[in-house]
Every structure is written in C-alpha cells, then in structure tokens.
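Have a look at target10.txt below; it lists compact mmCIF, C-alpha atoms.
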```txt
# COMPACT_ATOMS: atom_id res chain seq x y z
CA MET N 13 -57.29 -30.04 63.21
CA GLN N 14 -61.01 -30.51 62.76
CA ILE N 15 -63.53 -29.24 60.21
CA ASN N 16 -67.27 -29.18 60.90
CA LEU N 17 -69.92 -28.32 58.32
CA GLU N 18 -73.18 -26.63 59.25
CA LYS N 19 -75.87 -25.52 56.79
CA LYS N 20 -77.36 -22.13 57.56
CA GLY N 21 -80.10 -21.57 55.01
CA GLU N 22 -78.44 -21.48 51.60
CA VAL N 23 -74.97 -21.07 53.10
CA SER N 24 -72.56 -23.84 54.05
CA VAL N 25 -70.49 -22.83 57.06
CA PHE N 26 -67.25 -24.70 57.67
CA LYS N 27 -65.78 -24.27 61.14
CA VAL N 28 -62.11 -25.07 61.33
CA THR N 29 -60.51 -25.85 64.69
CA GLY N 30 -56.73 -26.05 65.00
CA ASP N 31 -53.74 -24.84 63.02
CA ILE N 32 -53.73 -24.63 59.21
CA ASP N 33 -50.10 -25.32 58.51
CA ILE N 34 -47.62 -27.61 56.80
CA GLU N 35 -48.93 -30.59 58.80
CA SER N 36 -52.65 -30.08 58.40
CA ALA N 37 -52.77 -28.34 54.98
CA PRO N 38 -53.06 -31.56 52.91
CA GLN N 39 -55.97 -32.73 55.09
CA VAL N 40 -57.69 -29.34 54.88
CA LYS N 41 -57.39 -29.32 51.09
CA LYS N 42 -58.67 -32.89 50.78
CA THR N 43 -61.65 -32.20 53.05
CA PHE N 44 -62.64 -29.04 51.18
CA ASP N 45 -62.09 -30.57 47.74
CA LYS N 46 -64.64 -33.26 48.63
CA ALA N 47 -67.04 -31.00 50.47
CA ILE N 48 -67.14 -28.12 48.00
CA THR N 49 -68.49 -30.22 45.16
CA SER N 50 -71.46 -31.23 47.34
CA ALA N 51 -71.85 -28.02 49.36
CA SER N 52 -73.89 -25.01 48.33
CA LYS N 53 -72.47 -22.31 46.08
CA GLN N 54 -72.19 -20.00 49.08
CA VAL N 55 -69.52 -20.99 51.53
CA VAL N 56 -68.19 -19.40 54.71
CA ILE N 57 -65.05 -20.64 56.42
CA ASN N 58 -65.15 -19.65 60.09
CA LEU N 59 -61.59 -19.37 61.38
CA GLN N 60 -62.44 -18.38 64.96
CA GLU N 61 -60.71 -21.45 66.38
CA VAL N 62 -57.63 -21.14 64.17
CA SER N 63 -54.78 -19.46 65.97
CA TYR N 64 -51.94 -20.31 63.58
CA VAL N 65 -51.61 -20.30 59.80
CA ASP N 66 -48.38 -20.59 57.82
CA SER N 67 -47.60 -20.17 54.10
CA SER N 68 -48.83 -23.74 53.43
CA GLY N 69 -52.11 -22.82 55.09
CA LEU N 70 -52.41 -19.61 53.07
CA ALA N 71 -51.64 -21.56 49.88
CA THR N 72 -54.33 -24.10 50.76
CA LEU N 73 -56.93 -21.37 51.31
CA VAL N 74 -55.99 -19.86 47.93
CA GLU N 75 -56.47 -23.29 46.33
CA ILE N 76 -59.88 -23.65 48.02
CA LEU N 77 -60.89 -20.22 46.72
CA LYS N 78 -59.81 -21.13 43.18
CA ASN N 79 -61.69 -24.41 43.44
CA MET N 80 -64.83 -22.61 44.67
CA ARG N 81 -64.62 -20.10 41.83
CA SER N 82 -64.19 -22.85 39.26
CA HIS N 83 -67.42 -24.43 40.59
CA GLY N 84 -69.19 -21.07 40.26
CA GLY N 85 -69.29 -20.60 44.02
CA LYS N 86 -68.56 -17.76 46.39
CA LEU N 87 -66.29 -18.05 49.42
CA LYS N 88 -66.02 -15.80 52.45
CA LEU N 89 -63.74 -16.04 55.47
CA ALA N 90 -64.94 -15.00 58.91
CA ASN N 91 -63.69 -14.47 62.48
CA LEU N 92 -59.97 -14.24 61.77
CA SER N 93 -57.80 -13.44 64.78
CA ALA N 94 -55.84 -10.19 64.51
CA LYS N 95 -52.60 -12.09 63.94
CA VAL N 96 -54.00 -14.40 61.27
CA LYS N 97 -55.65 -11.43 59.54
CA GLY N 98 -52.26 -9.73 59.68
CA LEU N 99 -50.79 -12.53 57.55
CA PHE N 100 -53.52 -11.93 54.94
CA GLU N 101 -52.70 -8.22 54.96
CA ILE N 102 -48.92 -8.73 54.66
CA THR N 103 -49.37 -11.06 51.69
CA LYS N 104 -52.17 -8.87 50.22
CA LEU N 105 -54.49 -11.87 50.28
CA ASP N 106 -56.97 -9.64 52.08
CA LYS N 107 -57.60 -8.11 48.64
CA LEU N 108 -58.26 -11.54 47.13
CA PHE N 109 -60.56 -12.93 49.83
CA ASP N 110 -63.80 -11.52 51.19
CA ILE N 111 -63.09 -11.33 54.91
CA ALA N 112 -65.93 -10.67 57.34
CA GLN N 113 -65.66 -9.76 61.02
CA SER N 114 -68.23 -12.37 62.03
CA GLU N 115 -69.94 -15.45 60.67
CA GLU N 116 -73.26 -13.61 60.69
CA GLU N 117 -71.83 -10.72 58.68
CA ALA N 118 -70.37 -13.18 56.17
CA ILE N 119 -73.67 -15.04 55.76
CA ASN N 120 -75.67 -11.84 55.36
CA SER N 121 -73.27 -10.43 52.78
CA PHE N 122 -74.01 -13.01 50.05
CA MET G 20 -24.75 -7.99 79.08
CA THR G 21 -23.28 -11.06 80.68
CA ARG G 22 -23.14 -14.54 79.29
CA GLY G 23 -25.88 -15.45 81.78
CA ASP G 24 -28.31 -13.27 79.82
CA PHE G 25 -28.16 -15.68 76.88
CA LYS G 26 -30.22 -18.74 76.31
CA ASP G 27 -28.41 -20.63 73.60
CA MET G 28 -29.42 -23.61 71.59
CA LYS G 29 -27.56 -25.21 68.70
CA THR G 30 -28.97 -28.31 67.17
CA THR G 31 -28.42 -30.31 64.01
CA ILE G 32 -31.56 -32.02 62.82
CA ASP G 33 -32.31 -34.60 60.18
CA ASN G 34 -33.99 -33.32 57.04
CA ASP G 35 -37.37 -34.62 58.17
CA SER G 36 -40.30 -32.19 58.03
CA HIS G 37 -41.92 -34.08 60.92
CA LEU G 38 -39.14 -32.73 63.15
CA LEU G 39 -40.00 -29.17 62.18
CA LYS G 40 -42.83 -28.85 64.72
CA GLU G 41 -40.78 -30.49 67.46
CA VAL G 42 -37.94 -27.96 67.12
CA SER G 43 -40.39 -25.08 66.78
CA LYS G 44 -42.33 -26.11 69.93
CA LYS G 45 -39.06 -26.15 71.88
CA LEU G 46 -38.25 -22.57 70.84
CA ILE G 47 -41.78 -21.33 71.56
CA SER G 48 -41.80 -22.89 74.98
CA THR G 49 -38.42 -21.25 75.74
CA LEU G 50 -39.80 -17.87 74.59
CA ARG G 51 -42.87 -18.32 76.81
CA ALA G 52 -40.60 -19.13 79.74
CA HIS G 53 -38.89 -15.79 79.02
CA LYS G 54 -42.33 -14.13 79.16
CA VAL G 55 -42.14 -12.86 75.57
CA ARG G 56 -45.44 -11.34 74.39
CA GLU G 57 -47.74 -13.72 72.52
CA ASP G 58 -48.04 -11.41 69.49
CA ILE G 59 -44.26 -11.38 69.17
CA ILE G 60 -44.11 -15.17 69.63
CA PHE G 61 -46.62 -15.54 66.78
CA ASP G 62 -44.31 -13.69 64.38
CA ILE G 63 -41.29 -15.72 65.52
CA HIS G 64 -43.30 -18.94 65.25
CA VAL G 65 -44.28 -18.25 61.63
CA GLY G 66 -40.86 -16.89 60.64
CA PHE G 67 -38.95 -19.77 62.20
CA GLU G 68 -41.14 -22.51 60.75
CA GLU G 69 -41.03 -20.90 57.30
CA ALA G 70 -37.22 -20.83 57.47
CA LEU G 71 -37.10 -24.48 58.58
CA ARG G 72 -39.53 -25.50 55.87
CA ASN G 73 -37.54 -23.65 53.20
CA ALA G 74 -34.33 -25.31 54.41
CA MET G 75 -35.79 -28.82 54.36
CA ILE G 76 -37.94 -28.65 51.25
CA HIS G 77 -36.33 -26.06 48.96
CA GLY G 78 -32.73 -26.06 50.28
CA ASN G 79 -32.13 -29.73 51.03
CA LYS G 80 -34.81 -30.78 48.52
CA GLN G 81 -36.25 -33.28 51.01
CA ASP G 82 -33.06 -35.34 50.89
CA PRO G 83 -33.11 -37.47 54.08
CA GLY G 84 -29.32 -37.67 53.98
CA LYS G 85 -28.95 -33.93 54.52
CA LYS G 86 -29.09 -31.93 57.75
CA VAL G 87 -30.35 -28.58 58.95
CA VAL G 88 -28.42 -26.63 61.58
CA VAL G 89 -30.50 -24.42 63.86
CA GLU G 90 -29.02 -21.91 66.30
CA THR G 91 -31.06 -19.72 68.61
CA ASP G 92 -29.75 -17.14 71.03
CA ILE G 93 -32.18 -15.41 73.32
CA ILE G 94 -30.66 -12.20 74.61
CA GLU G 95 -32.22 -9.55 76.82
CA ASN G 96 -34.53 -8.00 74.29
CA ALA G 97 -34.38 -10.20 71.20
CA VAL G 98 -34.00 -13.64 69.76
CA VAL G 99 -31.40 -14.35 67.08
CA ILE G 100 -32.21 -17.39 64.96
CA SER G 101 -30.05 -19.00 62.32
CA VAL G 102 -31.20 -21.81 60.03
CA GLU G 103 -28.73 -23.37 57.61
CA ASP G 104 -29.23 -26.12 55.06
CA GLU G 105 -26.87 -28.14 52.86
CA GLY G 106 -28.49 -27.22 49.56
CA GLU G 107 -27.29 -25.21 46.60
CA GLY G 108 -28.36 -21.88 48.04
CA PHE G 109 -30.48 -19.24 46.37
CA ASP G 110 -30.68 -15.53 45.74
CA PRO G 111 -33.61 -14.14 47.74
CA LYS G 112 -33.60 -11.01 45.56
CA LYS G 113 -34.57 -13.13 42.56
CA LEU G 114 -37.73 -14.51 44.16
CA PRO G 115 -40.94 -13.24 42.56
CA ASP G 116 -43.09 -10.91 44.65
CA PRO G 117 -46.07 -13.07 45.72
CA THR G 118 -48.27 -9.99 46.22
CA LEU G 119 -48.22 -8.97 42.55
CA ASP G 120 -51.40 -9.60 40.57
CA GLU G 121 -49.70 -12.21 38.37
CA ASN G 122 -48.53 -14.18 41.43
CA ILE G 123 -51.30 -13.67 43.98
CA LEU G 124 -53.20 -16.82 42.92
CA LYS G 125 -50.07 -18.97 42.87
CA GLU G 126 -49.82 -21.66 45.49
CA GLY G 127 -46.27 -21.06 46.68
CA GLY G 128 -43.78 -18.26 47.11
CA ARG G 129 -44.96 -16.64 50.36
CA GLY G 130 -42.51 -18.22 52.83
CA VAL G 131 -39.52 -15.88 52.39
CA TYR G 132 -41.87 -12.94 52.00
CA LEU G 133 -43.45 -13.70 55.39
CA ILE G 134 -40.02 -14.11 57.03
CA ASN G 135 -38.92 -10.73 55.68
CA HIS G 136 -42.04 -9.01 56.98
CA LEU G 137 -42.48 -10.73 60.33
CA MET G 138 -38.89 -10.61 61.56
CA ASP G 139 -37.14 -7.31 62.35
CA GLU G 140 -33.81 -8.13 60.67
CA VAL G 141 -33.16 -10.83 58.08
CA LYS G 142 -29.84 -11.67 56.43
CA TYR G 143 -29.05 -14.41 53.95
CA GLU G 144 -25.52 -15.77 54.16
CA ASN G 145 -23.41 -18.52 52.63
CA GLY G 146 -25.05 -18.11 49.21
CA GLY G 147 -28.57 -18.26 50.69
CA ARG G 148 -27.97 -21.51 52.56
CA ARG G 149 -28.17 -19.75 55.91
CA VAL G 150 -30.80 -17.27 57.03
CA VAL G 151 -30.19 -15.23 60.16
CA MET G 152 -33.25 -13.58 61.68
CA ILE G 153 -33.63 -11.21 64.60
CA LYS G 154 -36.89 -10.40 66.37
CA TYR G 155 -36.97 -7.77 69.11
CA PHE G 156 -39.28 -8.34 72.06
CA ASN G 157 -40.01 -4.69 72.79
CA LYS G 158 -41.03 -3.53 69.31
CA ASN G 159 -44.52 -3.63 67.94
CA ALA G 160 -45.42 -6.90 66.32
CA ASN G 161 -46.42 -6.69 62.68
CA LYS G 162 -50.14 -6.72 63.40
```
Starting from the file, lay out its structure as structure tokens.
Amino acid sequence: MQINLEKKGEVSVFKVTGDIDIESAPQVKKTFDKAITSASKQVVINLQEVSYVDSSGLATLVEILKNMRSHGGKLKLANLSAKVKGLFEITKLDKLFDIAQSEEEAINSF
Amino acid sequence: MTRGDFKDMKTTIDNDSHLLKEVSKKLISTLRAHKVREDIIFDIHVGFEEALRNAMIHGNKQDPGKKVVVETDIIENAVVISVEDEGEGFDPKKLPDPTLDENILKEGGRGVYLINHLMDEVKYENGGRRVVMIKYFNKNANK
C-alpha cells in the first residue's frame, strides 16, 4: 500500500495504491493523520488504484473524514471502482462522503 | 451432483490475524481456478475476511491460545463457507445498525452488516460462534 501526495492548486490530492484493509488500515490512518495537519483544507483521496476495501478500511476513511472536519477541512473521494463504491452504498457511507467520478470533478467541485 | 463436483477444504488456524490473508488468498485462488466471476469473488473476499476477522478479534478476543475452524465447499454453482471461533458467541440481531444516523460516524460495526449484504445466505449457529455463508456464482453480485 502506497500513498502519494500531489498539490493541484489549492487542493491536496492523495493517491492511494493497494488495498485499504485490516493490514494496511493503521498505516493509512497514521499517514493521513500526519499529512492532514500540514495539507490544505481541501483534500481529494483518489482511490483509482484501490481494488479492495474492508470494514477496517471503511472505518479508517470515516476517521480521516472526521479528522478533516475537525480541522475545518473538506474531503472528497474520487475514482472508486464499482465494487468499492458498492461497499459505500451498502453501508450508506455514500451519503456521508462526497464521492466524485473523477479526480478532476472532485477538484472542481470545491 | 457427484462428490467430484466438490472442492472441500477444512482447516484449523491459530488465532493470529496475520494468517487471515493467507487463508483468504488460498480461497480466492481456488475460486479463480474455478473461473468464478471477479465481481462475485470480490463479495466472497470481503465476506470471508470479515467473518475471519470477527472470529479472531471479537469471538476469540485475540487470544493466541484459541483457534478458528474454517470450512469451504465449492459446489457447482456456489461456495459454502463456515467460520467458527471458540468465543462466547453473540446475537447478531442485537448488533446496532451501522447505517443509522447515530452510528454512521462510528468506527466499527460494519463487518456483520457487510457479510449479510454481500453473501446470498447467512446463518449464525452455535450461539453465534459459527457463521455459515453461501454465495451463488450465477446470481448478480451486489454491485
């Protein structure tokens, strides 16, 4: 699992590669906890290269969202595969998160 | 259906969450060998790992002295998976609904919910210590 940060204007775009699951969730949380305090208030997480998420991964993304909100920031998710998006829909987390079809759409929607 | 149509696996594993992925990879690779659709494998992957995780963490409470018994039967059009722990059991009906407004921001509580929605049939037996899940290969996946 790898996370790369790219600044696109005022927006910080995090690209995650690999699974977000019971094994990687602690690392994902740690990375975002550190990064969010120094990143901009507008954050996109691009999940194009994430093919598997479990309940630990969903929980971690919820924690990241809460952390962003507590820092006065806005978080958007982009490029979810149909199956990963399906998990958000089943758990109704699609109502909690702003989910964009593409990174560009997410950036332009702030 | 003859016995030759089954692909059986019964394994007893230590209560070590690091073994979770190993067992899961074995099942996924068997499903791929049976040419099961990837969208169906995704649902089984999530459902199976959630059941294993629940057994190890919530059932056996991460006790390294306890075991988890996993049985998988691949039949013509479905996989039947059983995961049993040595914990105190639980009543799945008493679990809070993680999709309700008061629970949606909570960290945990989505594992059983995902199992129930991703698998086609789910039964809890032996006081909640064993979950038996069936996923059909020829039905639509959840998404």
Show me as a VMD selection string the residues that reach within 7 Å of (-30.6, -25.2, 66.8), counting all atoms listed in the file and using the file's own coordinates.
-> chain G and resid 28 to 31 88 to 91
Could you please tell me, as number ranges by chain, which residues of chain G have an atom within 7 Å of chain N when using all atoms listed in the file?
-> G: 65, 118, 124, 126-127, 129-130, 162
Would you write out those residues with C-alpha atoms, as a PDB file, in the coordinates of the input?
```pdb
ATOM      1  CA  VAL G  65     -44.280 -18.250  61.630  1.00  0.00           C
ATOM      2  CA  THR G 118     -48.270  -9.990  46.220  1.00  0.00           C
ATOM      3  CA  LEU G 124     -53.200 -16.820  42.920  1.00  0.00           C
ATOM      4  CA  GLU G 126     -49.820 -21.660  45.490  1.00  0.00           C
ATOM      5  CA  GLY G 127     -46.270 -21.060  46.680  1.00  0.00           C
ATOM      6  CA  ARG G 129     -44.960 -16.640  50.360  1.00  0.00           C
ATOM      7  CA  GLY G 130     -42.510 -18.220  52.830  1.00  0.00           C
ATOM      8  CA  LYS G 162     -50.140  -6.720  63.400  1.00  0.00           C
TER       9      LYS G 162
END
```
What is the distance between CA of Pro83 in chain G and CA of Glu107 in chain G, in Å to one decimal?
-> 15.5 Å
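Nearest to Ser82 in chain N of all the residues N:Val28, N:Asp45, N:Ser114, N:Lys19 is N:Asp45, counting all atoms listed in the file.
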Across G:Val87, G:Leu39, G:Leu119, G:Ala97, the smallest distance to Lys54 in chain G, with only C-alpha atoms counted, is shown by G:Ala97
Leaving out range 21-26 of chain N and any residue of its chain fewer than 5 positions from it, which residues lie within 7 Å of it when counting all atoms listed in the file, given as a PDB file with C-alpha atoms, keeping the file's coordinate frame?
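Everything below was put into part.pdb:
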```
ATOM      1  CA  ILE N  15     -63.530 -29.240  60.210  1.00  0.00           C
ATOM      2  CA  ASN N  16     -67.270 -29.180  60.900  1.00  0.00           C
ATOM      3  CA  ALA N  51     -71.850 -28.020  49.360  1.00  0.00           C
ATOM      4  CA  SER N  52     -73.890 -25.010  48.330  1.00  0.00           C
ATOM      5  CA  GLN N  54     -72.190 -20.000  49.080  1.00  0.00           C
ATOM      6  CA  VAL N  55     -69.520 -20.990  51.530  1.00  0.00           C
ATOM      7  CA  VAL N  56     -68.190 -19.400  54.710  1.00  0.00           C
ATOM      8  CA  ILE N  57     -65.050 -20.640  56.420  1.00  0.00           C
ATOM      9  CA  ASN N  58     -65.150 -19.650  60.090  1.00  0.00           C
ATOM     10  CA  ILE N 119     -73.670 -15.040  55.760  1.00  0.00           C
TER      11      ILE N 119
END
```
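Interatomic distance, CA of Asn96 in chain G to CA of Tyr155 in chain G: 5.7 Å.
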Name all residues at most 9 Å from Glu61 in chain N (count all atoms listed in the file; drop same-chain ones fewer than 3 positions away) and give them as a PyMOL selection string.
-> chain N and resi 27-31+58+91-93
Any chance you could export the current selection's C-alpha atoms as an mmCIF file, in the frame of the given file?
```cif
data_model
loop_
_atom_site.group_PDB
_atom_site.id
_atom_site.type_symbol
_atom_site.label_atom_id
_atom_site.label_comp_id
_atom_site.auth_asym_id
_atom_site.auth_seq_id
_atom_site.Cartn_x
_atom_site.Cartn_y
_atom_site.Cartn_z
ATOM 1 C CA LYS N 27 -65.780 -24.270 61.140
ATOM 2 C CA VAL N 28 -62.110 -25.070 61.330
ATOM 3 C CA THR N 29 -60.510 -25.850 64.690
ATOM 4 C CA GLY N 30 -56.730 -26.050 65.000
ATOM 5 C CA ASP N 31 -53.740 -24.840 63.020
ATOM 6 C CA ASN N 58 -65.150 -19.650 60.090
ATOM 7 C CA ASN N 91 -63.690 -14.470 62.480
ATOM 8 C CA LEU N 92 -59.970 -14.240 61.770
ATOM 9 C CA SER N 93 -57.800 -13.440 64.780
#
```
Shell around Val131 in chain G at 10 Å using all atoms listed in the file, local window under 6 positions removed, as a list in words =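 Using all atoms listed in the file, the neighbours found are Ser67 of chain N; Gly66, Glu69, Ala70, Asn73, Pro111, Leu114, Asp116, Pro117, Leu137, Val141 and Val150 of chain G.
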Smallest atom-to-atom distance to Leu87 in chain N: which of N:Phe44, N:Glu117, N:Phe100, N:Lys53, using all atoms listed in the file?
->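 Selected residue with least distance to Leu87 in chain N: N:Lys53.
Here the question is which of N:Lys46, N:Phe122, N:Leu59, N:Glu115 gets nearest to Lys86 in chain N using all atoms listed in the file, and that residue is N:Phe122.
Note that the spacing between CA of Thr43 in chain N and CA of Gln81 in chain G amounts to 25.5 Å.
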Quick one: everything within 8 Å of Asp104 in chain G, counting all atoms listed in the file, minus sequence neighbours fewer than 2 positions away in the same chain. Send it as a VMD selection string.
-> chain G and resid 74 to 75 78 to 79 85 to 88 102 106 148 to 149
